[in-house]
Amino acid sequence: MHIFIPPGGPMDGSAYLAEILHAFGLCFAERVSLRDALKAANPRADVILLPHGSESAGIESFLQDGGSVVAIRPDETIERLAGLHRKGEHEGPSRLRLVQPICYGARGESLWTLGPITEYENNPGPHVAGYLFRSGDAESESLGIVEGSPGSGRLTVCAYDPVMCIARLRQGYPERAGFLPPGEKKPRSIYLHKPQPPADTLWRPTADFHGMVLCEIIKRLLARHAPVPTLWHIPHGRPSILLFSGDEDVGAQEANHQQMSDLESVDGSMSLYVIADDTSITRERIEAYTQRGHSISVHPNLVPMAGQPVDVQLARAEQQVRLFQEKFQRRVHTVRNHNYGWPGYLDLPELWERLGIGMDANTCAYLYRQSPDGGPFANVHASMPLPFVREDGSLIDVYQQATHINDDIWFHSTVFYSQKFSPEQFDWIAQRICDDAARWFHAPVCANIHPVNYVSYSGAQARALMSRAREFDMPIWSLDRWHDFWRARATWKMDRLAWNGSRLTFSLKGSSCEALWLVLPTAVHDGPGLRTLKLDGVPTKFEKVQRNGVPVIQAPLPSGSSEIEVVGDYE
């Protein structure tokens with residue numbers, strides 16, 4: 001069982017596609033040329049995923065032999081095999097209306113879809129999983145995701161490009177670099193996005209949903225031949241996680257202590273971001289906070305350089321990071337800027353990569369100076385961490401982790417940009433956020449609660465969020481701990497997957513990873529159920545839970561392991 005991903009063009013989306021699949025647990029994808037994929041692929045076990053612009057020579061024979069192919073905005077050869085007739089193309093945006101159950105969390109709502117769209121005639125031939133249309137235009141409907149059966153194989157065609165769509169939803173548009181709304185003087189990452197997204201996107205991670213759709217399509221193709229194992233993306237097999245952080249912003253250490261103490265009372269931890277040249281924190285304080293399970297990192301202040309050339313702002317960011325490292329003798333794994341300053345397009349992530357910083361939390365969910373609407377995914381559209389991706393498809397080795405809840409934006413009672421939610425109102429909202437994350441999205445929720453605000457006006461709301469997270473079985477982790485988990489998980493790969501009709505075997509290899517869990521189907525084709533599971537020959541207890549709308553088996557991987565042999569026997 002393998003997923004082969006050849007290169008595409010002119011934007012080679014193969015690396016980003018592999019990251020998307022791995023994020024949702026499909027950690028047996030290989031990036032190879034189409035020629036090598038066709039040589040290695042087993043039509044009765046494997047899937048070939050063709051990015052937009054990839055070659056197609058030889059695919060017809062693979063399909064005739066029973067192979068499975070997913071093609072993204074393909075060439076005319078694959079369109080012919082799928083029985084599709086192209087009408088034209090447009091740049092979007094469109095809406096994707098799913099008519100088959102391939103995205104549990106969407107619950108029937110259409111998905112906002114960015115990037116180029118290929119329009120196909122609505123002919124009756126292909127099996128349709130989704131339609132694309134433009135809002136307000138009843139005549140615009142065309143095929144969005146279609147499935148065909150050339151020979152004995154399976155061919156699925158996407159009329160939009162998940163790579164471009166997900167990247168635009170997460171990162172915005174490079175041509176908007178430096179854009180400022182009227183009256184604003186500081187560049188921020190949120191201004192890279194096209195303004196006024198549809199209101200229904202403010203409360204759900206649309207980019208994640210597009211990733212889930214792609215992964216579900218591939219899992220269903222693989223499941224024709226064998227049960228499909230995955231790695232769960234939340235620690236301890238939990239349904240979701242609350243990532244807790246706070247920007248110190250010249251607050252007193254007493255405020256830090258109070259917020260951390262309250263988190264510890266619910267077995268939680270946080271990442272505290274401090275401005276290195278404007279803080280009362282000391283090495284001794286940092287050591288004490290760290291021993292209590294928290295993390296301290298840098299909060300670069302680019303505000304004094306707002307309006308200066310990009311290279312001047314970048315120099316300031318680098319100076320702030322290096323000052324923190326020298327002053328406190330600590331490595332920097334995660335970062336958030338003061339006021340979310342963001343010069344250029346991907347200039348900061350490229351700087352973080354050069355400095356060895358692994359995760360950025362500067363994408364914040366709000367419509368500052370654009371709209372009084374709000375929600376945990378306003379202008380963000382994502383929960384899961386993914387690397388930043390350049391316009392040519394190459395990856396930046398920095399994970400983008402969006403921040404969804406910010407106390408001054410949500411709770412301040414007087415400032416014009418605040419949602420002004422009372423503790424009682426926000427408790428209801430926190431219940432909805434946690435319920436959505438744990439039941440429908442299975443995705444992290446990231447909060448930024450400033451300690452100085454916590455002790456003045458946002459403490460009650462923050463404690464309500466902690467309480468709701470506990471109610472929905474969500475651990476409360478610092479961003480740094482999450483970064484370490486995600487980095488270690490990214491090293492894990494599955495290999496030698498084999499299925500003999502009743503026994504599934506495979507190997508797992510990777511760096512030691514805290515709280516990593518395995519997921520297996522409960523049964524095969526609604527028939528035999530999983531009877532025993534052995535890890536390195538040792539019988540392992542497993543539990544049956546509901547994930548993404550279906551029952552699955554979950555089991556923890558042995559702590560500290562780097563190589564595991566898995567045997568699952570189905571009745």
# chains A, B, ... in the order shown; residues from 1 in each chain; ligands from 1
$ residues_around --residues "A:Ser54" --least-positions-apart "3" --cutoff "12 Å" --atoms "only C-alpha atoms" --output "VMD selection string"
chain A and resid 5 to 14 32 to 35 48 to 51 57 59 70 to 78
$ residues_around --residues "A:Glu563" --least-positions-apart "6" --cutoff "12 Å" --atoms "only C-alpha atoms" --output "PyMOL selection string"
chain A and resi 491-495+506-513+535-536+557
$ residues_around --residues "stretch 353-370 of chain A" --least-positions-apart "5" --cutoff "6 Å" --atoms "only C-alpha atoms" --output "MDAnalysis selection string"
chainID A and resid 189 332:336 340 376:380 397:404
$ residues_around --residues "A:Arg292" --least-positions-apart "5" --cutoff "9 Å" --atoms "only C-alpha atoms" --output "PyMOL selection string"
chain A and resi 260+264+269+287
$ closest_residue --among "A:Ser142, A:Ser297, A:Thr156, A:Gln419" --to "A:Asp373" --atoms "only C-alpha atoms"
A:Gln419
$ closest_atom_pairs --of "stretch 492-533 of chain A" --to "stretch 474-487 of chain A" --cutoff "9 Å" --atoms "only C-alpha atoms" --output "Markdown table"
| residue | atom | partner | partner_atom | distance |
| --- | --- | --- | --- | --- |
| A:Cys513 | CA | A:Phe485 | CA | 6.2 |
| A:Glu514 | CA | A:Phe485 | CA | 6.2 |
| A:Ala515 | CA | A:Phe485 | CA | 8.1 |
| A:Leu516 | CA | A:Phe485 | CA | 8.3 |
$ select_by_dssp --residues "stretch 416-474 of chain A" --states "strand (DSSP E or B)" --output "number ranges by chain"
A: 444-448
$ atom_distance --atom1 "atom CA of A:Leu231" --atom2 "atom CA of A:Ser502"
20.9 Å
$ decode --residues "stretch 203-338 of chain A" --atoms "C-alpha atoms" --output "mmCIF file, in the first residue's frame"
data_model
loop_
_atom_site.group_PDB
_atom_site.id
_atom_site.type_symbol
_atom_site.label_atom_id
_atom_site.label_comp_id
_atom_site.auth_asym_id
_atom_site.auth_seq_id
_atom_site.Cartn_x
_atom_site.Cartn_y
_atom_site.Cartn_z
ATOM 1 C CA TRP A 203 -16.674 29.326 12.118
ATOM 2 C CA ARG A 204 -15.014 26.393 10.365
ATOM 3 C CA PRO A 205 -11.512 25.508 9.092
ATOM 4 C CA THR A 206 -12.280 25.435 5.386
ATOM 5 C CA ALA A 207 -8.673 24.760 4.342
ATOM 6 C CA ASP A 208 -8.598 21.714 6.638
ATOM 7 C CA PHE A 209 -11.843 20.470 5.103
ATOM 8 C CA HIS A 210 -10.311 20.573 1.624
ATOM 9 C CA GLY A 211 -7.429 18.490 2.976
ATOM 10 C CA MET A 212 -9.864 16.046 4.579
ATOM 11 C CA VAL A 213 -11.758 15.663 1.288
ATOM 12 C CA LEU A 214 -8.578 14.782 -0.596
ATOM 13 C CA CYS A 215 -7.455 12.311 2.070
ATOM 14 C CA GLU A 216 -10.875 10.663 2.271
ATOM 15 C CA ILE A 217 -10.944 10.172 -1.515
ATOM 16 C CA ILE A 218 -7.542 8.459 -1.388
ATOM 17 C CA LYS A 219 -8.441 6.350 1.671
ATOM 18 C CA ARG A 220 -11.554 5.061 -0.076
ATOM 19 C CA LEU A 221 -9.535 4.041 -3.118
ATOM 20 C CA LEU A 222 -6.978 2.254 -0.938
ATOM 21 C CA ALA A 223 -9.729 0.590 1.105
ATOM 22 C CA ARG A 224 -10.891 -1.272 -2.025
ATOM 23 C CA HIS A 225 -8.012 -3.650 -1.368
ATOM 24 C CA ALA A 226 -7.084 -3.481 2.327
ATOM 25 C CA PRO A 227 -7.851 -1.738 5.635
ATOM 26 C CA VAL A 228 -6.058 1.631 5.735
ATOM 27 C CA PRO A 229 -4.016 2.490 8.848
ATOM 28 C CA THR A 230 -3.242 6.094 9.785
ATOM 29 C CA LEU A 231 -1.408 8.017 12.478
ATOM 30 C CA TRP A 232 -3.682 10.142 14.643
ATOM 31 C CA HIS A 233 -2.753 13.821 14.675
ATOM 32 C CA ILE A 234 -3.832 14.721 18.228
ATOM 33 C CA PRO A 235 -1.710 13.594 21.234
ATOM 34 C CA HIS A 236 -2.973 10.682 23.368
ATOM 35 C CA GLY A 237 -5.604 9.845 20.754
ATOM 36 C CA ARG A 238 -7.795 12.700 21.993
ATOM 37 C CA PRO A 239 -10.472 14.212 19.724
ATOM 38 C CA SER A 240 -8.924 17.717 19.781
ATOM 39 C CA ILE A 241 -6.454 19.895 21.695
ATOM 40 C CA LEU A 242 -6.361 23.430 23.111
ATOM 41 C CA LEU A 243 -3.060 25.215 22.420
ATOM 42 C CA PHE A 244 -2.573 27.900 25.049
ATOM 43 C CA SER A 245 -0.284 30.909 24.754
ATOM 44 C CA GLY A 246 0.033 34.487 25.944
ATOM 45 C CA ASP A 247 1.899 37.592 24.808
ATOM 46 C CA GLU A 248 3.477 39.225 27.867
ATOM 47 C CA ASP A 249 3.500 42.750 26.373
ATOM 48 C CA VAL A 250 5.368 44.364 29.290
ATOM 49 C CA GLY A 251 3.053 42.798 31.868
ATOM 50 C CA ALA A 252 4.145 42.046 35.427
ATOM 51 C CA GLN A 253 5.538 38.670 36.469
ATOM 52 C CA GLU A 254 2.721 38.348 38.979
ATOM 53 C CA ALA A 255 0.277 38.209 36.068
ATOM 54 C CA ASN A 256 2.346 35.480 34.368
ATOM 55 C CA HIS A 257 2.407 33.500 37.618
ATOM 56 C CA GLN A 258 -1.347 33.768 38.134
ATOM 57 C CA GLN A 259 -2.232 32.637 34.616
ATOM 58 C CA MET A 260 0.237 29.753 34.727
ATOM 59 C CA SER A 261 -1.012 28.636 38.138
ATOM 60 C CA ASP A 262 -4.601 28.513 36.916
ATOM 61 C CA LEU A 263 -3.507 26.474 33.889
ATOM 62 C CA GLU A 264 -1.614 24.051 36.108
ATOM 63 C CA SER A 265 -4.782 23.490 38.124
ATOM 64 C CA VAL A 266 -6.351 21.918 34.999
ATOM 65 C CA ASP A 267 -3.133 20.068 34.028
ATOM 66 C CA GLY A 268 -2.393 22.647 31.327
ATOM 67 C CA SER A 269 0.660 24.547 30.116
ATOM 68 C CA MET A 270 1.299 27.600 27.966
ATOM 69 C CA SER A 271 3.856 29.351 25.773
ATOM 70 C CA LEU A 272 4.681 32.862 26.971
ATOM 71 C CA TYR A 273 6.035 35.309 24.358
ATOM 72 C CA VAL A 274 8.218 38.145 25.679
ATOM 73 C CA ILE A 275 9.770 41.228 24.055
ATOM 74 C CA ALA A 276 13.445 40.654 24.791
ATOM 75 C CA ASP A 277 14.375 44.338 25.262
ATOM 76 C CA ASP A 278 11.218 45.288 27.169
ATOM 77 C CA THR A 279 10.481 42.657 29.822
ATOM 78 C CA SER A 280 11.047 42.185 33.539
ATOM 79 C CA ILE A 281 11.547 38.446 33.118
ATOM 80 C CA THR A 282 14.897 36.944 34.121
ATOM 81 C CA ARG A 283 16.740 33.710 33.404
ATOM 82 C CA GLU A 284 15.821 32.532 36.883
ATOM 83 C CA ARG A 285 12.136 33.240 36.256
ATOM 84 C CA ILE A 286 12.271 31.432 32.909
ATOM 85 C CA GLU A 287 13.869 28.409 34.556
ATOM 86 C CA ALA A 288 11.148 28.368 37.212
ATOM 87 C CA TYR A 289 8.365 28.661 34.618
ATOM 88 C CA THR A 290 9.964 25.915 32.521
ATOM 89 C CA GLN A 291 10.177 23.554 35.477
ATOM 90 C CA ARG A 292 6.445 24.049 35.927
ATOM 91 C CA GLY A 293 5.892 22.780 32.351
ATOM 92 C CA HIS A 294 5.570 26.078 30.494
ATOM 93 C CA SER A 295 7.646 27.492 27.637
ATOM 94 C CA ILE A 296 9.093 30.966 27.116
ATOM 95 C CA SER A 297 9.827 32.283 23.646
ATOM 96 C CA VAL A 298 10.402 35.513 21.769
ATOM 97 C CA HIS A 299 7.816 38.164 20.872
ATOM 98 C CA PRO A 300 9.563 40.265 18.204
ATOM 99 C CA ASN A 301 8.402 43.885 18.223
ATOM 100 C CA LEU A 302 8.387 45.254 14.669
ATOM 101 C CA VAL A 303 6.145 48.203 15.506
ATOM 102 C CA PRO A 304 9.013 50.782 15.586
ATOM 103 C CA MET A 305 9.879 49.780 11.986
ATOM 104 C CA ALA A 306 6.326 49.885 10.583
ATOM 105 C CA GLY A 307 6.352 51.627 7.224
ATOM 106 C CA GLN A 308 10.049 50.936 6.675
ATOM 107 C CA PRO A 309 11.271 48.748 3.768
ATOM 108 C CA VAL A 310 10.781 45.016 4.182
ATOM 109 C CA ASP A 311 14.490 44.323 4.643
ATOM 110 C CA VAL A 312 14.629 46.849 7.501
ATOM 111 C CA GLN A 313 11.714 45.156 9.251
ATOM 112 C CA LEU A 314 13.276 41.736 8.725
ATOM 113 C CA ALA A 315 16.550 42.982 10.202
ATOM 114 C CA ARG A 316 14.601 44.150 13.256
ATOM 115 C CA ALA A 317 12.916 40.739 13.573
ATOM 116 C CA GLU A 318 16.249 38.932 13.394
ATOM 117 C CA GLN A 319 17.788 41.323 15.933
ATOM 118 C CA GLN A 320 14.933 40.652 18.360
ATOM 119 C CA VAL A 321 15.276 36.871 18.032
ATOM 120 C CA ARG A 322 19.055 36.938 18.488
ATOM 121 C CA LEU A 323 18.745 39.288 21.462
ATOM 122 C CA PHE A 324 16.328 36.857 23.152
ATOM 123 C CA GLN A 325 18.662 33.931 22.511
ATOM 124 C CA GLU A 326 21.717 35.759 23.834
ATOM 125 C CA LYS A 327 19.997 37.347 26.822
ATOM 126 C CA PHE A 328 18.229 34.222 28.049
ATOM 127 C CA GLN A 329 20.400 31.489 26.500
ATOM 128 C CA ARG A 330 17.397 29.635 25.093
ATOM 129 C CA ARG A 331 16.551 28.189 21.721
ATOM 130 C CA VAL A 332 13.500 29.503 19.877
ATOM 131 C CA HIS A 333 11.106 26.899 18.499
ATOM 132 C CA THR A 334 7.906 28.955 18.134
ATOM 133 C CA VAL A 335 7.294 32.639 17.553
ATOM 134 C CA ARG A 336 4.571 35.272 17.532
ATOM 135 C CA ASN A 337 5.207 38.948 16.750
ATOM 136 C CA HIS A 338 3.949 41.903 18.740
#
